[in-house]
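Next comes protein-v8.cif, with mmCIF, C-alpha atoms.
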```cif
data_coords
#
loop_
_atom_site.label_atom_id
_atom_site.label_comp_id
_atom_site.auth_asym_id
_atom_site.auth_seq_id
_atom_site.Cartn_x
_atom_site.Cartn_y
_atom_site.Cartn_z
CA MET A 7 -10.14 -73.85 -30.19
CA GLU A 8 -6.75 -73.65 -31.74
CA ASP A 9 -4.77 -76.75 -32.59
CA GLY A 10 -1.09 -75.89 -32.97
CA HIS A 11 1.02 -77.88 -35.40
CA LYS A 12 4.74 -77.41 -35.97
CA PHE A 13 6.57 -78.43 -39.09
CA ASN A 14 9.94 -77.71 -40.64
CA GLN A 15 10.28 -76.36 -44.12
CA GLU A 16 13.56 -76.11 -45.99
CA VAL A 17 13.27 -72.87 -47.93
CA SER A 18 15.73 -74.07 -50.56
CA LYS A 19 19.16 -75.61 -50.74
CA PRO A 20 22.01 -73.39 -51.85
CA LYS A 21 23.01 -73.98 -55.46
CA TYR A 22 26.62 -74.54 -54.41
CA ASP A 23 27.89 -76.16 -51.23
CA CYS A 24 31.54 -76.62 -52.24
CA LEU A 25 34.21 -74.60 -54.04
CA LEU A 26 37.04 -76.58 -55.64
CA PHE A 27 40.11 -74.57 -56.63
CA ASP A 28 43.11 -75.28 -58.80
CA LEU A 29 46.24 -73.66 -57.36
CA ASP A 30 48.84 -72.53 -59.90
CA ASP A 31 47.81 -69.66 -62.19
CA THR A 32 44.37 -69.70 -60.54
CA LEU A 33 44.84 -68.40 -57.00
CA TYR A 34 47.58 -66.13 -58.31
CA PRO A 35 48.08 -64.76 -61.84
CA PHE A 36 50.21 -66.35 -64.56
CA SER A 37 52.23 -63.12 -64.60
CA ALA A 38 53.70 -64.07 -61.20
CA GLY A 39 56.20 -66.20 -63.11
CA VAL A 40 55.82 -69.43 -61.15
CA SER A 41 54.79 -71.52 -64.16
CA ALA A 42 57.71 -70.23 -66.22
CA GLN A 43 60.13 -71.24 -63.48
CA ILE A 44 58.47 -74.65 -63.12
CA ALA A 45 58.78 -75.24 -66.88
CA LYS A 46 62.48 -74.33 -66.72
CA ASN A 47 63.03 -76.70 -63.82
CA ILE A 48 61.28 -79.56 -65.65
CA ASP A 49 63.56 -79.06 -68.65
CA GLU A 50 66.60 -79.14 -66.37
CA PHE A 51 65.35 -82.28 -64.61
CA MET A 52 64.97 -84.08 -67.94
CA ILE A 53 68.50 -83.07 -68.96
CA GLN A 54 70.35 -83.47 -65.66
CA LYS A 55 68.50 -86.37 -64.02
CA LEU A 56 67.22 -88.39 -66.98
CA GLY A 57 70.07 -87.74 -69.40
CA ILE A 58 67.83 -86.54 -72.22
CA GLU A 59 69.51 -84.32 -74.79
CA ALA A 60 68.52 -80.66 -74.62
CA ALA A 61 67.26 -80.63 -78.21
CA LYS A 62 65.08 -83.68 -77.49
CA VAL A 63 63.71 -82.10 -74.32
CA ALA A 64 62.23 -79.28 -76.35
CA GLU A 65 60.64 -81.84 -78.66
CA LEU A 66 59.24 -84.01 -75.84
CA ASN A 67 58.05 -81.67 -73.11
CA TYR A 68 54.88 -80.07 -74.46
CA PRO A 69 53.57 -83.14 -76.36
CA LEU A 70 53.96 -85.26 -73.21
CA TYR A 71 52.10 -82.62 -71.20
CA ARG A 72 49.35 -82.36 -73.82
CA ILE A 73 48.74 -86.11 -74.10
CA TYR A 74 49.31 -87.25 -70.51
CA GLY A 75 48.13 -84.26 -68.48
CA THR A 76 51.54 -83.52 -66.97
CA THR A 77 55.10 -83.99 -68.19
CA LEU A 78 55.76 -86.21 -65.16
CA ALA A 79 52.89 -88.51 -66.15
CA GLY A 80 54.20 -88.65 -69.71
CA LEU A 81 57.77 -89.43 -68.72
CA LYS A 82 56.55 -92.28 -66.52
CA ALA A 83 54.35 -93.58 -69.32
CA ILE A 84 57.14 -93.83 -71.88
CA GLY A 85 59.41 -95.64 -69.46
CA TYR A 86 61.65 -93.22 -67.57
CA ASP A 87 62.43 -94.48 -64.09
CA PHE A 88 62.64 -91.82 -61.36
CA ASP A 89 61.28 -91.16 -57.91
CA TYR A 90 58.20 -88.94 -57.64
CA GLY A 91 59.67 -87.17 -54.63
CA ASP A 92 62.93 -86.45 -56.45
CA PHE A 93 60.99 -84.94 -59.35
CA HIS A 94 58.90 -82.67 -57.15
CA SER A 95 61.90 -81.67 -55.06
CA PHE A 96 63.82 -80.66 -58.18
CA VAL A 97 60.91 -78.97 -59.96
CA HIS A 98 59.06 -77.32 -57.06
CA GLY A 99 61.45 -77.47 -54.14
CA ARG A 100 63.85 -74.99 -55.74
CA LEU A 101 61.23 -72.33 -56.44
CA PRO A 102 61.91 -68.90 -54.86
CA TYR A 103 58.39 -68.68 -53.43
CA ASN A 104 58.85 -65.48 -51.45
CA ASN A 105 60.26 -63.70 -54.50
CA LEU A 106 57.44 -64.79 -56.80
CA LEU A 107 54.37 -64.78 -54.54
CA LYS A 108 53.27 -62.12 -52.06
CA PRO A 109 50.50 -62.18 -49.43
CA ASP A 110 47.10 -61.52 -51.02
CA THR A 111 45.02 -59.88 -48.31
CA VAL A 112 42.13 -59.21 -50.69
CA LEU A 113 41.77 -62.88 -51.65
CA ARG A 114 42.23 -63.93 -48.04
CA GLY A 115 39.32 -61.72 -47.01
CA ILE A 116 37.14 -63.12 -49.78
CA LEU A 117 37.89 -66.75 -48.91
CA GLN A 118 37.48 -66.31 -45.18
CA SER A 119 34.10 -64.63 -45.63
CA LEU A 120 32.70 -67.50 -47.74
CA PRO A 121 30.33 -69.75 -45.73
CA VAL A 122 30.89 -72.83 -47.94
CA ARG A 123 33.48 -75.61 -48.16
CA LYS A 124 36.70 -74.70 -49.95
CA LEU A 125 39.26 -77.24 -51.21
CA ILE A 126 42.41 -77.24 -53.35
CA PHE A 127 42.79 -79.71 -56.24
CA THR A 128 46.26 -79.56 -57.82
CA ASN A 129 48.47 -81.79 -59.94
CA ALA A 130 51.46 -80.55 -57.96
CA ASP A 131 52.73 -82.15 -54.75
CA THR A 132 51.51 -81.21 -51.26
CA ASN A 133 54.75 -79.47 -50.28
CA HIS A 134 54.42 -77.09 -53.22
CA ALA A 135 50.78 -76.37 -52.42
CA VAL A 136 51.55 -75.65 -48.75
CA ARG A 137 54.50 -73.38 -49.54
CA ALA A 138 52.60 -71.49 -52.26
CA LEU A 139 49.56 -70.99 -50.03
CA LYS A 140 51.75 -69.82 -47.17
CA SER A 141 53.48 -67.28 -49.42
CA LEU A 142 50.04 -66.02 -50.47
CA GLY A 143 48.88 -65.85 -46.85
CA LEU A 144 46.11 -68.38 -47.57
CA GLU A 145 47.39 -71.42 -45.69
CA ASP A 146 44.38 -71.55 -43.34
CA CYS A 147 41.66 -70.74 -45.88
CA PHE A 148 40.98 -74.25 -47.18
CA GLU A 149 39.49 -77.37 -45.65
CA ARG A 150 41.81 -79.70 -47.53
CA ILE A 151 44.53 -79.94 -50.18
CA ILE A 152 44.07 -82.74 -52.71
CA SER A 153 47.35 -83.09 -54.55
CA PHE A 154 49.54 -85.46 -56.54
CA ASP A 155 50.41 -87.17 -53.25
CA THR A 156 46.73 -87.72 -52.43
CA LEU A 157 45.89 -89.37 -55.74
CA ASN A 158 49.06 -91.37 -56.33
CA SER A 159 50.75 -93.99 -54.22
CA SER A 160 54.43 -93.72 -53.38
CA ASN A 161 55.10 -96.76 -55.56
CA ASN A 162 57.43 -95.43 -58.25
CA THR A 163 57.84 -98.68 -60.16
CA ASN A 164 58.70 -98.21 -63.81
CA PRO A 165 55.79 -99.66 -65.87
CA PHE A 166 58.38 -100.92 -68.40
CA GLU A 167 60.56 -102.66 -65.81
CA LYS A 168 62.21 -105.53 -67.68
CA ASP A 169 65.64 -106.92 -68.51
CA GLY A 170 67.78 -104.89 -70.84
CA SER A 171 69.32 -101.45 -71.13
CA GLU A 172 67.61 -98.22 -70.17
CA SER A 173 67.24 -97.21 -73.83
CA ALA A 174 65.52 -100.54 -74.61
CA ARG A 175 62.83 -99.72 -72.08
CA ILE A 176 62.02 -96.22 -73.38
CA PHE A 177 59.10 -95.89 -75.77
CA ASP A 178 60.13 -93.90 -78.85
CA PHE A 179 57.75 -91.01 -78.29
CA CYS A 180 59.55 -88.77 -80.78
CA GLU A 181 58.88 -91.29 -83.55
CA HIS A 182 55.22 -91.32 -82.55
CA ILE A 183 55.13 -87.53 -82.88
CA GLN A 184 56.80 -87.67 -86.29
CA ARG A 185 54.49 -90.46 -87.49
CA PRO A 186 51.06 -89.59 -86.09
CA ASP A 187 49.32 -91.90 -88.57
CA SER A 188 51.35 -94.97 -87.62
CA ASP A 189 49.86 -97.91 -85.71
CA MET A 190 52.11 -97.29 -82.69
CA VAL A 191 50.09 -97.70 -79.47
CA LEU A 192 50.84 -95.11 -76.82
CA PRO A 193 51.65 -96.63 -73.43
CA LYS A 194 49.46 -95.78 -70.45
CA THR A 195 50.71 -93.78 -67.50
CA PRO A 196 50.50 -95.03 -63.91
CA VAL A 197 49.90 -91.44 -62.77
CA VAL A 198 46.45 -90.16 -61.80
CA CYS A 199 46.08 -86.46 -62.65
CA LYS A 200 43.90 -83.78 -64.23
CA PRO A 201 42.44 -83.51 -66.83
CA PHE A 202 41.34 -87.16 -66.77
CA ASP A 203 38.09 -88.55 -65.39
CA ASP A 204 39.67 -90.90 -62.87
CA ALA A 205 41.37 -88.01 -61.06
CA PHE A 206 38.12 -86.07 -60.68
CA GLU A 207 36.13 -89.13 -59.68
CA LYS A 208 38.71 -89.99 -57.03
CA VAL A 209 38.45 -86.45 -55.66
CA PHE A 210 34.65 -86.65 -55.50
CA LYS A 211 34.89 -89.84 -53.46
CA LEU A 212 37.75 -88.78 -51.17
CA ALA A 213 36.23 -85.42 -50.27
CA ASP A 214 32.54 -86.43 -50.42
CA ILE A 215 31.82 -83.89 -53.15
CA ASP A 216 28.57 -83.61 -55.07
CA PRO A 217 29.70 -82.32 -58.48
CA GLN A 218 26.22 -80.96 -59.21
CA ARG A 219 26.58 -78.52 -56.30
CA THR A 220 30.26 -77.64 -56.72
CA LEU A 221 31.97 -74.70 -58.42
CA PHE A 222 35.33 -75.62 -59.94
CA PHE A 223 37.89 -72.86 -60.59
CA ASP A 224 40.83 -73.53 -62.94
CA ASP A 225 42.91 -71.72 -65.55
CA SER A 226 43.07 -74.80 -67.81
CA ILE A 227 40.32 -75.17 -70.40
CA ARG A 228 40.94 -78.89 -70.82
CA ASN A 229 40.59 -79.45 -67.07
CA LEU A 230 37.37 -77.46 -67.13
CA MET A 231 35.99 -79.43 -70.08
CA THR A 232 36.39 -82.69 -68.15
CA ALA A 233 34.89 -81.11 -65.05
CA LYS A 234 31.87 -79.84 -66.99
CA ARG A 235 31.26 -83.24 -68.55
CA LEU A 236 31.32 -84.83 -65.08
CA GLY A 237 28.70 -82.42 -63.75
CA LEU A 238 30.73 -79.66 -62.09
CA HIS A 239 29.90 -75.99 -62.57
CA THR A 240 33.00 -74.51 -64.18
CA VAL A 241 34.84 -71.20 -63.85
CA VAL A 242 37.86 -70.28 -65.95
CA VAL A 243 40.22 -67.87 -64.18
CA GLY A 244 42.56 -65.46 -65.96
CA THR A 245 40.31 -64.48 -68.85
CA SER A 246 36.91 -62.89 -69.40
CA ILE A 247 36.20 -65.12 -72.40
CA ARG A 248 33.93 -68.13 -71.98
CA THR A 249 34.55 -71.14 -74.23
CA THR A 250 33.25 -74.70 -74.52
CA GLY A 251 33.03 -76.35 -71.13
CA VAL A 252 33.07 -73.05 -69.24
CA ASP A 253 30.05 -71.70 -67.38
CA HIS A 254 31.71 -68.55 -66.04
CA ALA A 255 34.87 -66.56 -66.77
CA LEU A 256 36.79 -64.41 -64.30
CA GLU A 257 39.60 -62.09 -65.31
CA SER A 258 40.88 -62.45 -61.76
CA ILE A 259 40.02 -64.68 -58.80
CA HIS A 260 39.35 -61.38 -56.99
CA ASN A 261 36.15 -61.04 -59.03
CA MET A 262 34.43 -63.87 -57.15
CA ARG A 263 32.20 -61.66 -55.01
CA GLU A 264 30.83 -59.80 -58.01
CA ALA A 265 30.36 -62.99 -60.04
CA PHE A 266 28.77 -65.13 -57.31
CA PRO A 267 27.04 -62.92 -54.73
CA GLU A 268 24.71 -65.81 -53.88
CA LEU A 269 27.59 -67.62 -52.17
CA TRP A 270 27.55 -65.03 -49.40
CA ASP A 271 23.76 -65.24 -49.06
CA SER A 272 23.67 -68.99 -48.56
CA GLU A 273 23.67 -68.99 -44.76
CA GLU A 274 20.81 -66.51 -44.54
CA LYS A 275 18.61 -67.64 -47.41
CA HIS A 276 18.91 -71.40 -47.17
CA GLU A 277 18.41 -72.17 -43.52
CA ILE A 278 15.79 -74.44 -42.02
CA VAL A 279 12.82 -72.37 -40.92
CA GLN A 280 10.39 -73.64 -38.29
CA TYR A 281 6.77 -72.63 -38.57
CA LYS A 282 3.90 -72.94 -36.09
CA VAL A 283 0.51 -73.05 -37.72
CA GLY A 284 -2.68 -72.38 -35.83
CA ILE A 285 -5.79 -74.20 -37.00
CA GLU A 286 -9.04 -72.94 -35.63
CA THR A 287 -11.83 -75.44 -35.06
CA SER A 288 -15.36 -74.84 -33.85
CA VAL A 289 -17.34 -77.22 -31.69
CA LYS A 290 -21.10 -77.14 -32.01
CA ALA A 291 -23.28 -77.81 -28.99
#
```

Could you spell out this file's structure in structure tokens?
Amino acid sequence: MEDGHKFNQEVSKPKYDCLLFDLDDTLYPFSAGVSAQIAKNIDEFMIQKLGIEAAKVAELNYPLYRIYGTTLAGLKAIGYDFDYGDFHSFVHGRLPYNNLLKPDTVLRGILQSLPVRKLIFTNADTNHAVRALKSLGLEDCFERIISFDTLNSSNNTNPFEKDGSESARIFDFCEHIQRPDSDMVLPKTPVVCKPFDDAFEKVFKLADIDPQRTLFFDDSIRNLMTAKRLGLHTVVVGTSIRTTGVDHALESIHNMREAFPELWDSEEKHEIVQYKVGIETSVKA
């Protein structure tokens, strides 16, 4: 007689079950000119809103970005008091999105055909992400946008709030640059942002992401180096050259299908398969 037994066997789990994307200069090329316009707007914000001399702006901007992850984070760290919303409105709100970004039907088709989770992780604010994605025709291609707003509270308190003049509350960052060997201790920023561990770890928790099964796409090598150290699989976008901390390199985000064909196979190859096994037994008289 035949004794039928059923059991489930998971053929194998897909290597990746989540795709995490940076936005600027990743989902569209650097040549679009968005970053150049953002940099110009940041300079103007520092001059017009914070009263920093133009010559000093040029001296401050990149070192603050390099040390603190973003210029905003650096300005907050050294004591400048301004509202996050005002900064983003000035820097991103004035961007001519429709002149700089055009609908990308190729990328839209790629993203919509992918059977895995897709999320945005950007240091910019949500309004910028939404407007940029809409200009690209990608506004409905992602499960979630994790932005500056997501990772940072609306509390804009100056970390150096104390009695005295504004100048007395500003850390002399230029002196620190000029005297790198001095014992001056750099102040910490209240801002959570890439490329630092706490930003990534917060994203993992908020979005229930397993870094070991996630592909992270970014144009920034330093962001990718942190991601790699924390267990993410890393993809640099905008170059074909792989460097430290980079697992894969794509000249364009449009090269995803050629680089990761297994992403499109995941639904077919990694499903639960049910088997019925027949076991023959003989009974002797």

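Note that atom CA of A:Ser119 and atom CA of A:Thr240 are 21.0 Å apart.
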
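With atom CA of A:Leu144 on one side and atom CA of A:Gln118 on the other, the separation reads 9.2 Å.
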
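If you look at atom CA of A:Asp89 and atom CA of A:Gln43, they are 20.7 Å away from each other.
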
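What the PyMOL selection byres ((chain A and resi 129) around 9) picks from this file is Asp28, Leu29, Gly75, Thr76, Phe127, Thr128, Ala130, Asp131, Ile152, Ser153, Phe154, Asp155, Val198, Cys199 and Lys200 of chain A.
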
| message | Expand the PyMOL selection byres ((chain A and resi 139-142) around 9) into the explicit residue set it covers here, and present it as a PyMOL selection string. | response | chain A and resi 29+33-34+103-104+106-111+113-114+134-138+143-147

| Residue IDs satisfying the PyMOL selection byres ((chain A and resi 202) around 10), as a ChimeraX atom specification | /A:74-75,198-201,203-207,228-229,231-233

| What's the 9 Å shell around stretch 266-271 of chain A, counting all atoms listed in the file, without same-chain residues fewer than 6 positions away, as a PyMOL selection string? | chain A and resi 20-23+119-122

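Checking A:Leu256, A:Val243, A:Val197, A:Leu236 one by one against A:Ser159, counting only C-alpha atoms, you find the shortest gap at A:Val197.
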
Quick one: axis-aligned box around all listed atoms of stretch 117-125 of chain A, 5 Å on every side, centre and edge lengths in Å to one decimal, written as lines of an AutoDock Vina configuration file.
```
center_x = 34.8
center_y = -70.9
center_z = -48.2
size_x = 18.9
size_y = 22.6
size_z = 16.0
```

Residues at most 9 Å from A:Thr245, counting only C-alpha atoms, excluding those fewer than 2 positions away in the same chain, as a compact mmCIF listing (two decimals) with C-alpha atoms, in the coordinates of the input?
```
# COMPACT_ATOMS: atom_id res chain seq x y z
CA ASP A 225 42.91 -71.72 -65.55
CA VAL A 242 37.86 -70.28 -65.95
CA VAL A 243 40.22 -67.87 -64.18
CA ILE A 247 36.20 -65.12 -72.40
CA ARG A 248 33.93 -68.13 -71.98
CA ALA A 255 34.87 -66.56 -66.77
CA LEU A 256 36.79 -64.41 -64.30
CA GLU A 257 39.60 -62.09 -65.31
CA SER A 258 40.88 -62.45 -61.76
```

| task | Would you kindly return, as an MDAnalysis selection string, each protein, DNA or RNA residue with an atom no farther than 7 Å from any atom of A:Leu125, considering only C-alpha atoms and excluding same-chain residues fewer than 6 positions away? | result | chainID A and resid 25:27 148:151

| request: Up to 7 Å from (35.1, -75.2, -65.3) in the file's coordinates: name the residues, counting all atoms listed in the file, as an MDAnalysis selection string. | output: chainID A and resid 222:224 230:231 233:234 239:242 251:253

| message | Env of A:Ile48: 6 Å cut, atoms = only C-alpha atoms, seq-sep filter 3 positions within chain, self excluded. Answer as a list in words. | response | Ala45, Phe51 and Val97 of chain A
